[in-house]
file final24.csv (CSV, C-alpha atoms)
chain,number,residue,atom,x,y,z
E,1,MET,CA,37.7,69.4,-21.6
E,2,LYS,CA,36.8,69.4,-17.9
E,3,ARG,CA,33.9,67.2,-17.0
E,4,THR,CA,31.4,68.2,-14.3
E,5,VAL,CA,30.1,65.8,-11.6
E,6,ALA,CA,27.7,66.1,-8.7
E,7,VAL,CA,28.0,63.7,-5.8
E,8,VAL,CA,24.7,62.8,-4.1
E,9,THR,CA,25.1,60.9,-0.8
E,10,LEU,CA,22.5,58.7,0.9
E,11,GLY,CA,22.9,56.8,4.1
E,12,CYS,CA,25.4,57.0,6.9
E,13,THR,CA,28.5,59.0,7.7
E,14,ARG,CA,30.7,56.2,6.4
E,15,ASN,CA,29.1,56.8,3.0
E,16,GLU,CA,29.9,60.5,3.4
E,17,VAL,CA,33.6,59.7,3.7
E,18,ASP,CA,33.4,57.4,0.7
E,19,SER,CA,31.7,60.2,-1.3
E,20,GLU,CA,34.5,62.6,-0.3
E,21,GLU,CA,37.2,60.1,-1.3
E,22,LEU,CA,35.5,59.6,-4.7
E,23,ALA,CA,35.3,63.4,-5.1
E,24,GLY,CA,39.0,63.7,-4.2
E,25,ARG,CA,39.9,61.1,-6.9
E,26,LEU,CA,37.8,62.9,-9.5
E,27,LEU,CA,39.1,66.3,-8.6
E,28,ALA,CA,42.7,65.1,-8.8
E,29,ASP,CA,42.0,63.7,-12.3
E,30,GLY,CA,40.6,67.0,-13.6
E,31,TRP,CA,36.9,66.8,-13.0
E,32,THR,CA,34.9,69.8,-11.8
E,33,LEU,CA,32.7,69.2,-8.7
E,34,VAL,CA,29.4,71.0,-8.7
E,35,ASP,CA,26.8,71.1,-6.0
E,36,ASP,CA,23.6,70.6,-8.0
E,37,VAL,CA,22.8,67.7,-10.2
E,38,GLU,CA,21.1,70.0,-12.7
E,39,SER,CA,24.6,71.6,-13.4
E,40,ALA,CA,26.5,68.3,-13.7
E,41,GLU,CA,27.1,66.1,-16.7
E,42,VAL,CA,27.3,63.1,-14.3
E,43,ALA,CA,25.1,62.5,-11.3
E,44,LEU,CA,27.1,60.2,-9.0
E,45,VAL,CA,24.6,58.7,-6.5
E,46,ASN,CA,26.2,57.1,-3.5
E,47,THR,CA,23.5,54.6,-2.4
E,48,CYS,CA,22.6,53.0,0.9
E,49,GLY,CA,21.7,49.3,1.0
E,50,PHE,CA,21.1,48.7,4.7
E,51,ILE,CA,17.3,48.4,5.0
E,52,GLU,CA,14.3,48.5,2.7
E,53,SER,CA,13.5,52.2,3.4
E,54,ALA,CA,17.1,53.2,2.7
E,55,LYS,CA,17.1,51.3,-0.6
E,56,LYS,CA,13.9,53.0,-1.6
E,57,ASP,CA,15.4,56.4,-0.9
E,58,SER,CA,18.4,55.5,-3.1
E,59,VAL,CA,16.2,54.4,-6.0
E,60,ASP,CA,14.2,57.6,-5.7
E,61,ALA,CA,17.4,59.6,-5.9
E,62,LEU,CA,18.5,57.8,-9.0
E,63,LEU,CA,15.1,58.2,-10.7
E,64,GLU,CA,15.1,61.9,-9.8
E,65,ALA,CA,18.5,62.4,-11.3
E,66,ASN,CA,17.5,60.5,-14.4
E,67,SER,CA,14.5,62.8,-14.9
E,68,LEU,CA,16.9,65.7,-15.5
E,69,LYS,CA,18.5,64.0,-18.5
E,70,GLY,CA,17.6,65.7,-21.8
E,71,HIS,CA,16.5,68.9,-20.0
E,72,GLY,CA,20.0,70.4,-19.3
E,73,VAL,CA,23.6,69.3,-19.1
E,74,THR,CA,23.0,66.0,-17.2
E,75,ARG,CA,24.1,63.1,-19.5
E,76,ALA,CA,24.6,60.2,-17.1
E,77,VAL,CA,23.3,58.9,-13.9
E,78,VAL,CA,25.7,56.4,-12.1
E,79,ALA,CA,25.1,54.5,-8.9
E,80,VAL,CA,27.9,53.7,-6.5
E,81,GLY,CA,27.8,52.8,-2.8
E,82,CYS,CA,26.4,49.9,-0.7
E,83,MET,CA,23.3,49.2,-2.7
E,84,ALA,CA,25.2,49.2,-6.0
E,85,GLU,CA,27.9,46.9,-4.5
E,86,ARG,CA,25.3,44.6,-2.9
E,87,TYR,CA,23.1,44.0,-6.0
E,88,GLY,CA,25.4,44.8,-9.0
E,89,ALA,CA,24.0,43.3,-12.3
E,90,GLU,CA,20.7,42.6,-10.6
E,91,LEU,CA,20.2,46.3,-9.9
E,92,ALA,CA,21.3,47.2,-13.4
E,93,ALA,CA,18.6,45.0,-14.9
E,94,ALA,CA,15.9,46.2,-12.5
E,95,LEU,CA,16.8,49.9,-12.9
E,96,PRO,CA,17.7,50.8,-16.5
E,97,GLU,CA,17.3,54.5,-15.6
E,98,ALA,CA,20.8,54.3,-14.2
E,99,ASP,CA,23.4,54.4,-16.9
E,100,ALA,CA,25.8,52.3,-14.8
E,101,ILE,CA,26.1,50.4,-11.5
E,102,LEU,CA,29.6,50.6,-10.1
E,103,GLY,CA,31.0,48.4,-7.3
E,104,PHE,CA,33.6,49.2,-4.7
E,105,ASP,CA,36.3,47.7,-7.0
E,106,ASP,CA,35.6,50.4,-9.6
E,107,TYR,CA,36.5,53.2,-7.1
E,108,GLN,CA,40.2,53.1,-7.9
E,109,ASP,CA,39.5,53.9,-11.6
E,110,ILE,CA,36.4,56.0,-11.0
E,111,SER,CA,37.5,58.8,-13.4
E,112,ALA,CA,38.1,56.4,-16.3
E,113,ARG,CA,34.7,54.7,-15.6
E,114,LEU,CA,32.8,57.9,-15.7
E,115,GLN,CA,34.7,59.2,-18.8
E,116,SER,CA,33.7,55.9,-20.6
E,117,ILE,CA,30.1,56.1,-19.5
E,118,VAL,CA,29.8,59.8,-20.7
E,119,ALA,CA,31.3,58.8,-24.0
E,120,GLY,CA,28.4,56.4,-24.5
E,121,ASN,CA,30.1,53.1,-23.7
E,122,SER,CA,28.2,50.4,-21.9
E,123,HIS,CA,29.4,49.2,-18.5
E,124,THR,CA,29.1,45.5,-17.5
E,125,SER,CA,28.0,45.5,-13.9
E,126,HIS,CA,29.7,43.2,-11.4
E,127,THR,CA,28.2,40.0,-9.9
E,128,PRO,CA,28.1,40.5,-6.2
E,129,ARG,CA,30.3,38.3,-4.0
E,130,ASP,CA,31.0,37.8,-0.3
E,131,ARG,CA,33.7,40.3,0.3
E,132,ARG,CA,34.6,38.7,3.6
E,133,ALA,CA,36.4,36.1,1.5
E,134,LEU,CA,38.8,38.7,0.0
E,135,LEU,CA,40.9,38.9,3.2
E,136,PRO,CA,42.5,36.3,5.5
E,137,ILE,CA,40.3,35.0,8.3
E,138,SER,CA,42.8,35.9,10.9
E,139,PRO,CA,42.4,39.6,11.8
E,140,VAL,CA,46.2,40.0,12.3
E,141,ASP,CA,47.0,38.6,8.9
E,142,ARG,CA,44.6,41.1,7.3
E,143,ALA,CA,46.9,44.1,8.2
E,144,ALA,CA,49.8,42.7,6.1
E,145,LYS,CA,47.5,41.9,3.2
E,146,ARG,CA,46.0,45.3,3.4
E,147,ASP,CA,49.3,47.1,3.4
E,148,GLU,CA,50.3,45.2,0.2
E,149,THR,CA,47.4,46.6,-1.7
E,150,LEU,CA,46.8,49.9,0.1
E,151,GLU,CA,46.2,53.0,-1.9
E,152,ILE,CA,45.4,56.0,0.2
E,153,ALA,CA,42.6,57.9,-1.6
E,154,PRO,CA,42.7,61.7,-1.7
E,155,ARG,CA,39.7,63.3,0.0
E,156,LYS,CA,37.7,66.5,-0.8
E,157,ARG,CA,35.3,67.9,1.8
E,158,LEU,CA,31.9,68.3,0.3
E,159,THR,CA,30.5,70.4,3.2
E,160,ASP,CA,31.7,73.2,5.4
E,161,THR,CA,30.2,72.0,8.6
E,162,PRO,CA,32.3,72.4,11.8
E,163,TRP,CA,32.2,68.6,12.3
E,164,ALA,CA,33.6,66.0,10.0
E,165,PRO,CA,33.5,62.2,9.9
E,166,LEU,CA,36.8,60.5,10.2
E,167,LYS,CA,36.9,56.8,9.1
E,168,ILE,CA,38.9,54.6,11.4
E,169,ALA,CA,38.0,51.2,9.9
E,170,THR,CA,36.0,49.4,7.3
E,171,GLY,CA,34.0,46.2,7.4
E,172,CYS,CA,32.7,44.1,10.2
E,173,ASP,CA,33.5,40.6,11.7
E,174,ARG,CA,30.2,40.2,13.6
E,175,ARG,CA,27.6,37.9,12.3
E,176,CYS,CA,24.4,39.5,13.4
E,177,SER,CA,21.6,37.4,11.7
E,178,PHE,CA,19.7,40.5,10.5
E,179,CYS,CA,22.6,42.3,8.9
E,180,ALA,CA,24.2,42.0,5.4
E,181,ILE,CA,26.8,44.6,5.9
E,182,PRO,CA,29.7,42.2,6.4
E,183,TYR,CA,28.7,40.4,3.2
E,184,PHE,CA,29.1,43.5,1.0
E,185,ARG,CA,31.5,45.6,3.1
E,186,GLY,CA,33.8,42.8,3.9
E,187,ALA,CA,35.8,41.8,7.0
E,188,PHE,CA,36.9,44.3,9.6
E,189,VAL,CA,40.1,46.2,8.8
E,190,SER,CA,41.5,49.0,10.9
E,191,ARG,CA,43.3,52.0,9.4
E,192,ARG,CA,46.8,52.6,10.8
E,193,PRO,CA,46.9,55.2,13.6
E,194,THR,CA,49.2,57.3,11.5
E,195,GLU,CA,46.7,57.5,8.7
E,196,VAL,CA,43.9,58.4,11.1
E,197,ILE,CA,45.9,61.1,12.9
E,198,ASP,CA,47.2,62.5,9.6
E,199,GLU,CA,43.7,62.8,8.2
E,200,GLY,CA,42.6,64.4,11.5
E,201,HIS,CA,45.2,67.1,11.0
E,202,TRP,CA,44.0,67.6,7.4
E,203,LEU,CA,40.3,67.9,8.5
E,204,ALA,CA,41.3,70.4,11.2
E,205,GLU,CA,43.2,72.5,8.7
E,206,SER,CA,40.2,72.4,6.4
E,207,GLY,CA,38.0,73.9,9.2
E,208,ALA,CA,36.6,71.0,11.2
E,209,THR,CA,36.6,71.5,14.9
E,210,GLU,CA,34.9,68.2,15.8
E,211,LEU,CA,36.1,64.8,14.5
E,212,PHE,CA,33.4,62.2,14.4
E,213,LEU,CA,35.1,58.7,14.4
E,214,VAL,CA,33.1,56.3,12.2
E,215,SER,CA,33.3,52.6,11.3
E,216,GLU,CA,31.0,49.6,11.4
E,217,ASN,CA,32.3,48.7,14.8
E,218,THR,CA,34.5,51.2,16.7
E,219,THR,CA,35.0,49.0,19.7
E,220,SER,CA,37.0,46.5,17.5
E,221,TYR,CA,39.5,49.2,16.4
E,222,GLY,CA,43.0,47.8,16.5
E,223,LYS,CA,42.3,44.1,16.9
E,224,ASP,CA,43.8,43.4,13.5
E,225,LEU,CA,46.8,45.5,14.4
E,226,GLY,CA,47.5,43.4,17.4
E,227,ASP,CA,46.3,45.9,20.0
E,228,LEU,CA,42.7,46.0,21.1
E,229,THR,CA,43.4,49.1,23.3
E,230,LEU,CA,44.6,51.1,20.4
E,231,MET,CA,41.7,53.5,20.5
E,232,GLU,CA,42.6,54.5,24.1
E,233,LYS,CA,46.1,55.4,22.8
E,234,VAL,CA,44.8,57.3,19.7
E,235,LEU,CA,42.3,59.5,21.4
E,236,PRO,CA,44.9,61.7,23.2
E,237,GLU,CA,46.7,62.3,19.9
E,238,LEU,CA,43.5,63.3,18.1
E,239,VAL,CA,42.4,65.8,20.8
E,240,ALA,CA,45.9,67.3,20.7
E,241,ILE,CA,45.5,68.3,17.0
E,242,PRO,CA,45.5,72.1,16.8
E,243,GLY,CA,42.0,73.4,16.1
E,244,VAL,CA,40.2,70.2,17.3
E,245,GLN,CA,37.7,71.1,20.0
E,246,ARG,CA,35.9,67.8,20.3
E,247,VAL,CA,36.2,64.1,19.3
E,248,ARG,CA,33.1,61.9,19.2
E,249,LEU,CA,32.9,58.1,18.8
E,250,SER,CA,30.2,56.3,16.9
E,251,TYR,CA,28.8,52.7,16.8
E,252,LEU,CA,30.0,51.1,20.0
E,253,GLN,CA,29.1,47.4,20.5
E,254,PRO,CA,27.8,46.9,24.1
E,255,ALA,CA,29.3,43.4,24.3
E,256,GLU,CA,32.8,44.8,23.4
E,257,MET,CA,32.7,47.9,25.7
E,258,ARG,CA,35.7,47.5,28.0
E,259,PRO,CA,36.5,49.4,31.2
E,260,SER,CA,39.6,51.0,29.7
E,261,LEU,CA,37.7,52.4,26.7
E,262,LEU,CA,35.0,53.7,28.9
E,263,GLN,CA,37.5,55.4,31.2
E,264,ALA,CA,39.4,56.9,28.2
E,265,MET,CA,36.2,58.3,26.8
E,266,ILE,CA,35.3,60.0,30.1
E,267,ALA,CA,38.7,61.1,31.2
E,268,THR,CA,40.3,62.3,27.9
E,269,GLU,CA,39.7,66.0,27.6
E,270,LYS,CA,37.7,67.1,24.5
E,271,VAL,CA,36.3,63.5,24.0
E,272,SER,CA,32.5,63.9,24.0
E,273,HIS,CA,30.7,62.0,26.6
E,274,TYR,CA,28.5,60.5,23.9
E,275,PHE,CA,27.9,56.7,23.8
E,276,ASP,CA,26.3,55.4,20.6
E,277,LEU,CA,25.5,51.9,21.8
E,278,SER,CA,24.1,49.4,19.5
E,279,PHE,CA,21.7,47.5,21.8
E,280,GLN,CA,19.2,46.4,19.1
E,281,HIS,CA,17.0,44.6,21.7
E,282,SER,CA,17.0,43.8,25.4
E,283,SER,CA,15.4,40.3,25.5
E,284,ALA,CA,18.1,37.6,25.9
E,285,THR,CA,16.1,35.2,23.7
E,286,VAL,CA,15.7,37.6,20.8
E,287,LEU,CA,19.4,38.8,21.1
E,288,ARG,CA,20.6,35.2,20.8
E,289,ARG,CA,18.5,34.7,17.6
E,290,MET,CA,20.1,37.9,16.4
E,291,ARG,CA,23.5,36.3,17.1
E,292,ARG,CA,24.2,39.0,19.6
E,293,PHE,CA,25.0,39.1,23.3
E,294,GLY,CA,23.6,40.8,26.4
E,295,ASP,CA,20.2,41.2,28.1
E,296,ASN,CA,18.2,43.8,30.0
E,297,GLU,CA,20.3,43.4,33.2
E,298,LYS,CA,23.7,43.6,31.5
E,299,PHE,CA,22.7,46.6,29.4
E,300,LEU,CA,21.3,48.5,32.4
E,301,HIS,CA,24.5,47.8,34.3
E,302,LEU,CA,26.6,49.3,31.5
E,303,ILE,CA,24.4,52.4,31.4
E,304,SER,CA,24.7,52.7,35.2
E,305,GLN,CA,28.5,52.5,34.9
E,306,ILE,CA,28.6,55.2,32.3
E,307,ARG,CA,26.4,57.6,34.3
E,308,ALA,CA,28.2,56.9,37.5
E,309,LEU,CA,31.3,58.3,35.8
E,310,SER,CA,29.5,61.0,33.8
E,311,PRO,CA,25.9,61.7,34.9
E,312,GLU,CA,25.5,64.1,31.9
E,313,ALA,CA,26.7,61.6,29.3
E,314,GLY,CA,24.5,61.2,26.3
E,315,ILE,CA,23.5,57.7,25.3
E,316,ARG,CA,21.9,56.8,22.0
E,317,SER,CA,20.7,53.4,20.6
E,318,ASN,CA,18.6,51.7,17.9
E,319,PHE,CA,16.2,48.9,18.4
E,320,ILE,CA,14.6,46.3,16.0
E,321,VAL,CA,11.1,45.2,16.8
E,322,GLY,CA,9.2,42.3,15.3
E,323,PHE,CA,12.3,40.2,14.8
E,324,PRO,CA,11.4,36.5,14.0
E,325,GLY,CA,10.3,34.8,17.1
E,326,GLU,CA,9.7,37.9,19.1
E,327,THR,CA,6.9,37.2,21.6
E,328,GLN,CA,4.7,39.7,23.4
E,329,GLU,CA,6.8,38.9,26.5
E,330,ASP,CA,10.0,39.8,24.6
E,331,PHE,CA,8.4,43.0,23.4
E,332,ASP,CA,7.3,43.9,26.9
E,333,ASP,CA,10.9,43.3,28.1
E,334,LEU,CA,12.1,45.8,25.6
E,335,ALA,CA,9.5,48.3,26.6
E,336,ASN,CA,10.5,47.9,30.2
E,337,PHE,CA,14.2,48.4,29.2
E,338,ILE,CA,13.4,51.7,27.4
E,339,THR,CA,11.5,52.9,30.4
E,340,GLN,CA,14.4,52.1,32.8
E,341,ALA,CA,17.3,53.1,30.6
E,342,LYS,CA,16.3,56.8,30.1
E,343,LEU,CA,18.3,57.1,26.9
E,344,ASP,CA,18.9,60.5,25.2
E,345,ALA,CA,18.1,59.4,21.7
E,346,VAL,CA,16.3,56.3,20.4
E,347,GLY,CA,15.7,54.9,16.9
E,348,VAL,CA,13.0,52.2,16.5
E,349,PHE,CA,12.8,50.1,13.3
E,350,GLY,CA,10.5,47.3,12.3
E,351,TYR,CA,12.2,44.1,11.2
E,352,SER,CA,12.3,43.4,7.4
E,353,ASP,CA,13.8,40.4,5.6
E,354,GLU,CA,17.2,41.2,4.0
E,355,ASP,CA,19.0,39.1,1.3
E,356,LYS,CA,22.1,37.2,2.4
E,357,THR,CA,21.2,37.2,6.0
E,358,GLU,CA,20.5,34.3,8.4
E,359,ALA,CA,17.3,35.9,9.6
E,360,LEU,CA,15.8,35.6,6.1
E,361,ASP,CA,15.3,31.8,6.7
E,362,LEU,CA,14.3,31.9,10.4
E,363,SER,CA,10.9,30.6,11.3
E,364,ASP,CA,8.2,32.2,13.5
E,365,LYS,CA,8.0,35.4,11.4
E,366,VAL,CA,6.0,38.1,13.1
E,367,ASP,CA,3.0,39.4,11.2
E,368,ALA,CA,3.5,42.7,9.5
E,369,ASP,CA,0.5,44.3,11.2
E,370,VAL,CA,1.9,43.3,14.6
E,371,ILE,CA,5.3,44.7,13.7
E,372,ALA,CA,3.7,48.0,12.7
E,373,GLN,CA,1.7,48.2,15.9
E,374,ARG,CA,4.8,47.5,18.0
E,375,VAL,CA,6.9,50.1,16.2
E,376,GLU,CA,4.2,52.7,16.9
E,377,THR,CA,3.9,51.7,20.5
E,378,LEU,CA,7.6,51.6,21.2
E,379,SER,CA,8.3,54.8,19.3
E,380,ALA,CA,5.7,56.6,21.4
E,381,LEU,CA,7.2,55.3,24.6
E,382,ALA,CA,10.7,56.2,23.4
E,383,ASP,CA,9.7,59.7,22.6
E,384,GLU,CA,8.1,60.1,26.0
E,385,MET,CA,11.2,58.8,27.8
E,386,VAL,CA,13.6,60.9,25.7
E,387,SER,CA,11.5,64.0,26.5
E,388,LEU,CA,11.6,63.2,30.2
E,389,ARG,CA,15.4,62.8,30.1
E,390,ALA,CA,15.7,66.1,28.3
E,391,GLN,CA,13.4,67.9,30.8
E,392,ALA,CA,15.5,66.5,33.7
E,393,ARG,CA,18.5,68.3,32.2
E,394,ILE,CA,16.9,71.8,31.9
E,395,GLY,CA,19.2,74.3,33.7
E,396,GLU,CA,22.5,72.6,32.7
E,397,ASN,CA,25.1,74.6,30.9
E,398,VAL,CA,26.4,72.7,27.8
E,399,ARG,CA,28.9,73.6,25.1
E,400,VAL,CA,27.7,73.2,21.5
E,401,LEU,CA,29.0,73.6,18.0
E,402,ILE,CA,26.9,75.9,15.8
E,403,GLU,CA,26.4,74.2,12.4
E,404,ASP,CA,24.4,77.0,10.8
E,405,ALA,CA,25.2,80.7,11.3
E,406,GLU,CA,21.5,81.6,11.2
E,407,LEU,CA,21.1,79.6,14.4
E,408,GLN,CA,23.2,82.2,16.2
E,409,GLU,CA,20.7,84.9,15.6
call {"tool": "encode", "arguments": {"input": "final24.csv", "output": "C-alpha cells"}}
result
Amino acid sequence: MKRTVAVVTLGCTRNEVDSEELAGRLLADGWTLVDDVESAEVALVNTCGFIESAKKDSVDALLEANSLKGHGVTRAVVAVGCMAERYGAELAAALPEADAILGFDDYQDISARLQSIVAGNSHTSHTPRDRRALLPISPVDRAAKRDETLEIAPRKRLTDTPWAPLKIATGCDRRCSFCAIPYFRGAFVSRRPTEVIDEGHWLAESGATELFLVSENTTSYGKDLGDLTLMEKVLPELVAIPGVQRVRLSYLQPAEMRPSLLQAMIATEKVSHYFDLSFQHSSATVLRRMRRFGDNEKFLHLISQIRALSPEAGIRSNFIVGFPGETQEDFDDLANFITQAKLDAVGVFGYSDEDKTEALDLSDKVDADVIAQRVETLSALADEMVSLRAQARIGENVRVLIEDAELQE
C-alpha cells in the first residue's frame, strides 16, 4: 500500500534542495507526496538549526504537526534537517512529540526509516558528532573520498516557481566563531561541474527559468577540485542551458571575492548582477573576534569596485550586533558603514550564544537589553538607507520574473 508523506521545509534554500532530494527518494520508493500535513500519514519536517529564532520555528512546526495526530490520517511526525542532525538524541528527549529524530546519515535509507516508524517501531536517535572529521583535512583529498561514496540522490521539485535553487557544494571550511554550521554540516565539498550542469538542465526542463546557486560558501567552489576559478568556467555553461533566463549566486565571502569572479558575474550574459556578500560587521576588532577578515575601508572598496562595473548591481548582506566585546565605538563604526554602503537589502540580527561555537566561551558578553536596543537602532537605519537606495533607482527599467500569476493583473 502506498504511504503518504508531506514535506515541510524550514530555513534556507539549501534546506529546500535537501527536502526535494528526500522527496525524490521517497517518490522513487513508492511513497505518495501530498501538499498538506493533514492529508499525510507522515509529516516530515526539515528543520533549521542556525540561530535561536529558527530553532523555535522548527519546534513550533513539529508541535503543530503533532497536534494533527489522532484527528485525521497523520500517524507520525519526523524531524530531519540541521536541528535534527545538530542535537539528535538530545532533541528526541526534549521533544517527545516528534516520533523520530533522523540525522543526515539516515537520508540514504529514508523510506525504510519512515516505514519502520509508521509501523510503530522505535527509532534510536544518533549522538551528534563533528562532521568535519568525516572527510580528509586536505580539500583536494576530499574529492576522491567523496567520489568513492557518492550516491546521486533523485530530486522532485516541490514548488512550481520560475526560480529554483541549485546546490553547488555542501559544508564549510571557515571557522567563524559564532557559527556551528561546519560542525553539523561538515567540511566543504564541491559538486562536480557535470553534476551541477546536468541538474541545471533538469531544472530548466521542469520549468525553472532562473537558477539560484546555493552553498554555504559559493566563493570557495572548486577549491577541493583543484581549481578555485571553476565557478568562472561553469557560469557560461549554465547560462547556455535552453530555457535558462537568469543565473544568480548566493552567499559570497567578501574576503574571498576575487577579481576574476567579479568580472565573470558582471560580464557573463544572464548572470544576475546580485551580490549576496556576508559582511557580518565592519569593525576590524569585532571581525577578528568573529574569526573573519576585513574592515570598513576594505568592504567599501569592494562595493565601489562592484558599482564601478555595474552601477545598478544589487548588494545584500547580514550583520550581527552585540557580538561579545562589541563596544559602542564598534557599533558606531557599523552604523557608519551602513550609511556609506547604500546596500539594497540588509538583515540585522542580535547575537545569541550557540552550542559548539568558540563565541560561546568568549568574555565581555554584551547585555541583552543593549543588544536589543542596537538591533532596533541599526534596523531602523538600514531600512532608511535601503529606502533611499530604492528611491534613487526610480525610473530605471528592470527585467523581473513573475512568481505569482496574480501579480501580473
call {"tool": "atom_distance", "arguments": {"input": "final24.csv", "atom1": "CA of Phe349 in chain E", "atom2": "CA of His281 in chain E"}}
result
10.9 Å
call {"tool": "atom_distance", "arguments": {"input": "final24.csv", "atom1": "CA of Pro324 in chain E", "atom2": "CA of Ser53 in chain E"}}
result
19.1 Å
call {"tool": "residues_around", "arguments": {"input": "final24.csv", "residues": "range 246-259 of chain E", "least_positions_apart": "6", "cutoff": "8 Å", "atoms": "only C-alpha atoms", "output": "mmCIF file with C-alpha atoms, in the coordinates of the input"}}
result
data_model
loop_
_atom_site.group_PDB
_atom_site.id
_atom_site.type_symbol
_atom_site.label_atom_id
_atom_site.label_comp_id
_atom_site.auth_asym_id
_atom_site.auth_seq_id
_atom_site.Cartn_x
_atom_site.Cartn_y
_atom_site.Cartn_z
ATOM 1 C CA THR E 209 36.600 71.500 14.900
ATOM 2 C CA GLU E 210 34.900 68.200 15.800
ATOM 3 C CA LEU E 211 36.100 64.800 14.500
ATOM 4 C CA PHE E 212 33.400 62.200 14.400
ATOM 5 C CA LEU E 213 35.100 58.700 14.400
ATOM 6 C CA VAL E 214 33.100 56.300 12.200
ATOM 7 C CA SER E 215 33.300 52.600 11.300
ATOM 8 C CA GLU E 216 31.000 49.600 11.400
ATOM 9 C CA ASN E 217 32.300 48.700 14.800
ATOM 10 C CA THR E 218 34.500 51.200 16.700
ATOM 11 C CA THR E 219 35.000 49.000 19.700
ATOM 12 C CA SER E 220 37.000 46.500 17.500
ATOM 13 C CA LEU E 235 42.300 59.500 21.400
ATOM 14 C CA LEU E 238 43.500 63.300 18.100
ATOM 15 C CA VAL E 239 42.400 65.800 20.800
ATOM 16 C CA LYS E 270 37.700 67.100 24.500
ATOM 17 C CA VAL E 271 36.300 63.500 24.000
ATOM 18 C CA SER E 272 32.500 63.900 24.000
ATOM 19 C CA HIS E 273 30.700 62.000 26.600
ATOM 20 C CA TYR E 274 28.500 60.500 23.900
ATOM 21 C CA PHE E 275 27.900 56.700 23.800
ATOM 22 C CA ASP E 276 26.300 55.400 20.600
ATOM 23 C CA LEU E 277 25.500 51.900 21.800
ATOM 24 C CA SER E 278 24.100 49.400 19.500
ATOM 25 C CA PHE E 279 21.700 47.500 21.800
ATOM 26 C CA PHE E 293 25.000 39.100 23.300
ATOM 27 C CA GLY E 294 23.600 40.800 26.400
ATOM 28 C CA PHE E 299 22.700 46.600 29.400
ATOM 29 C CA LEU E 302 26.600 49.300 31.500
#
call {"tool": "residues_around", "arguments": {"input": "final24.csv", "residues": "range 128-131 of chain E", "least_positions_apart": "6", "cutoff": "9 Å", "atoms": "all atoms listed in the file", "output": "PDB file with C-alpha atoms, in the frame of the given file"}}
result
ATOM      1  CA  GLU E  85      27.900  46.900  -4.500  1.00  0.00           C
ATOM      2  CA  ARG E  86      25.300  44.600  -2.900  1.00  0.00           C
ATOM      3  CA  TYR E  87      23.100  44.000  -6.000  1.00  0.00           C
ATOM      4  CA  GLY E  88      25.400  44.800  -9.000  1.00  0.00           C
ATOM      5  CA  ALA E  89      24.000  43.300 -12.300  1.00  0.00           C
ATOM      6  CA  GLU E  90      20.700  42.600 -10.600  1.00  0.00           C
ATOM      7  CA  GLY E 103      31.000  48.400  -7.300  1.00  0.00           C
ATOM      8  CA  PRO E 182      29.700  42.200   6.400  1.00  0.00           C
ATOM      9  CA  TYR E 183      28.700  40.400   3.200  1.00  0.00           C
ATOM     10  CA  PHE E 184      29.100  43.500   1.000  1.00  0.00           C
ATOM     11  CA  ARG E 185      31.500  45.600   3.100  1.00  0.00           C
ATOM     12  CA  GLY E 186      33.800  42.800   3.900  1.00  0.00           C
ATOM     13  CA  ALA E 187      35.800  41.800   7.000  1.00  0.00           C
TER      14      ALA E 187
END
call {"tool": "closest_residue", "arguments": {"input": "final24.csv", "among": "E:Val8, E:Leu230, E:Met83, E:Pro193", "to": "Glu64 in chain E", "atoms": "all atoms listed in the file"}}
result
E:Val8
call {"tool": "residues_around", "arguments": {"input": "final24.csv", "residues": "Val398 in chain E", "least_positions_apart": "4", "cutoff": "12 Å", "atoms": "only C-alpha atoms", "output": "MDAnalysis selection string"}}
result
chainID E and resid 272:273 312:314 393:394
call {"tool": "residues_around", "arguments": {"input": "final24.csv", "residues": "Glu384 in chain E", "least_positions_apart": "6", "cutoff": "10 Å", "atoms": "only C-alpha atoms", "output": "PyMOL selection string"}}
result
chain E and resi 339+342+378+390
call {"tool": "atom_distance", "arguments": {"input": "final24.csv", "atom1": "CA of Asp404 in chain E", "atom2": "CA of Arg155 in chain E"}}
result
23.2 Å
call {"tool": "closest_residue", "arguments": {"input": "final24.csv", "among": "E:Asp35, E:Asp60, E:Asp173, E:Glu354", "to": "Leu158 in chain E", "atoms": "only C-alpha atoms"}}
result
E:Asp35
call {"tool": "residues_near_point", "arguments": {"input": "final24.csv", "point": "(21.2, 63.7, -21.6)", "cutoff": "12 Å", "atoms": "only C-alpha atoms", "output": "PyMOL selection string"}}
result
chain E and resi 38-43+65-77+97-99+117-120
call {"tool": "write_last_selection", "arguments": {"input": "final24.csv", "atoms": "C-alpha atoms", "output": "PDB file, in the coordinates of the input"}}
result
ATOM      1  CA  GLU E  38      21.100  70.000 -12.700  1.00  0.00           C
ATOM      2  CA  SER E  39      24.600  71.600 -13.400  1.00  0.00           C
ATOM      3  CA  ALA E  40      26.500  68.300 -13.700  1.00  0.00           C
ATOM      4  CA  GLU E  41      27.100  66.100 -16.700  1.00  0.00           C
ATOM      5  CA  VAL E  42      27.300  63.100 -14.300  1.00  0.00           C
ATOM      6  CA  ALA E  43      25.100  62.500 -11.300  1.00  0.00           C
ATOM      7  CA  ALA E  65      18.500  62.400 -11.300  1.00  0.00           C
ATOM      8  CA  ASN E  66      17.500  60.500 -14.400  1.00  0.00           C
ATOM      9  CA  SER E  67      14.500  62.800 -14.900  1.00  0.00           C
ATOM     10  CA  LEU E  68      16.900  65.700 -15.500  1.00  0.00           C
ATOM     11  CA  LYS E  69      18.500  64.000 -18.500  1.00  0.00           C
ATOM     12  CA  GLY E  70      17.600  65.700 -21.800  1.00  0.00           C
ATOM     13  CA  HIS E  71      16.500  68.900 -20.000  1.00  0.00           C
ATOM     14  CA  GLY E  72      20.000  70.400 -19.300  1.00  0.00           C
ATOM     15  CA  VAL E  73      23.600  69.300 -19.100  1.00  0.00           C
ATOM     16  CA  THR E  74      23.000  66.000 -17.200  1.00  0.00           C
ATOM     17  CA  ARG E  75      24.100  63.100 -19.500  1.00  0.00           C
ATOM     18  CA  ALA E  76      24.600  60.200 -17.100  1.00  0.00           C
ATOM     19  CA  VAL E  77      23.300  58.900 -13.900  1.00  0.00           C
ATOM     20  CA  GLU E  97      17.300  54.500 -15.600  1.00  0.00           C
ATOM     21  CA  ALA E  98      20.800  54.300 -14.200  1.00  0.00           C
ATOM     22  CA  ASP E  99      23.400  54.400 -16.900  1.00  0.00           C
ATOM     23  CA  ILE E 117      30.100  56.100 -19.500  1.00  0.00           C
ATOM     24  CA  VAL E 118      29.800  59.800 -20.700  1.00  0.00           C
ATOM     25  CA  ALA E 119      31.300  58.800 -24.000  1.00  0.00           C
ATOM     26  CA  GLY E 120      28.400  56.400 -24.500  1.00  0.00           C
TER      27      GLY E 120
END
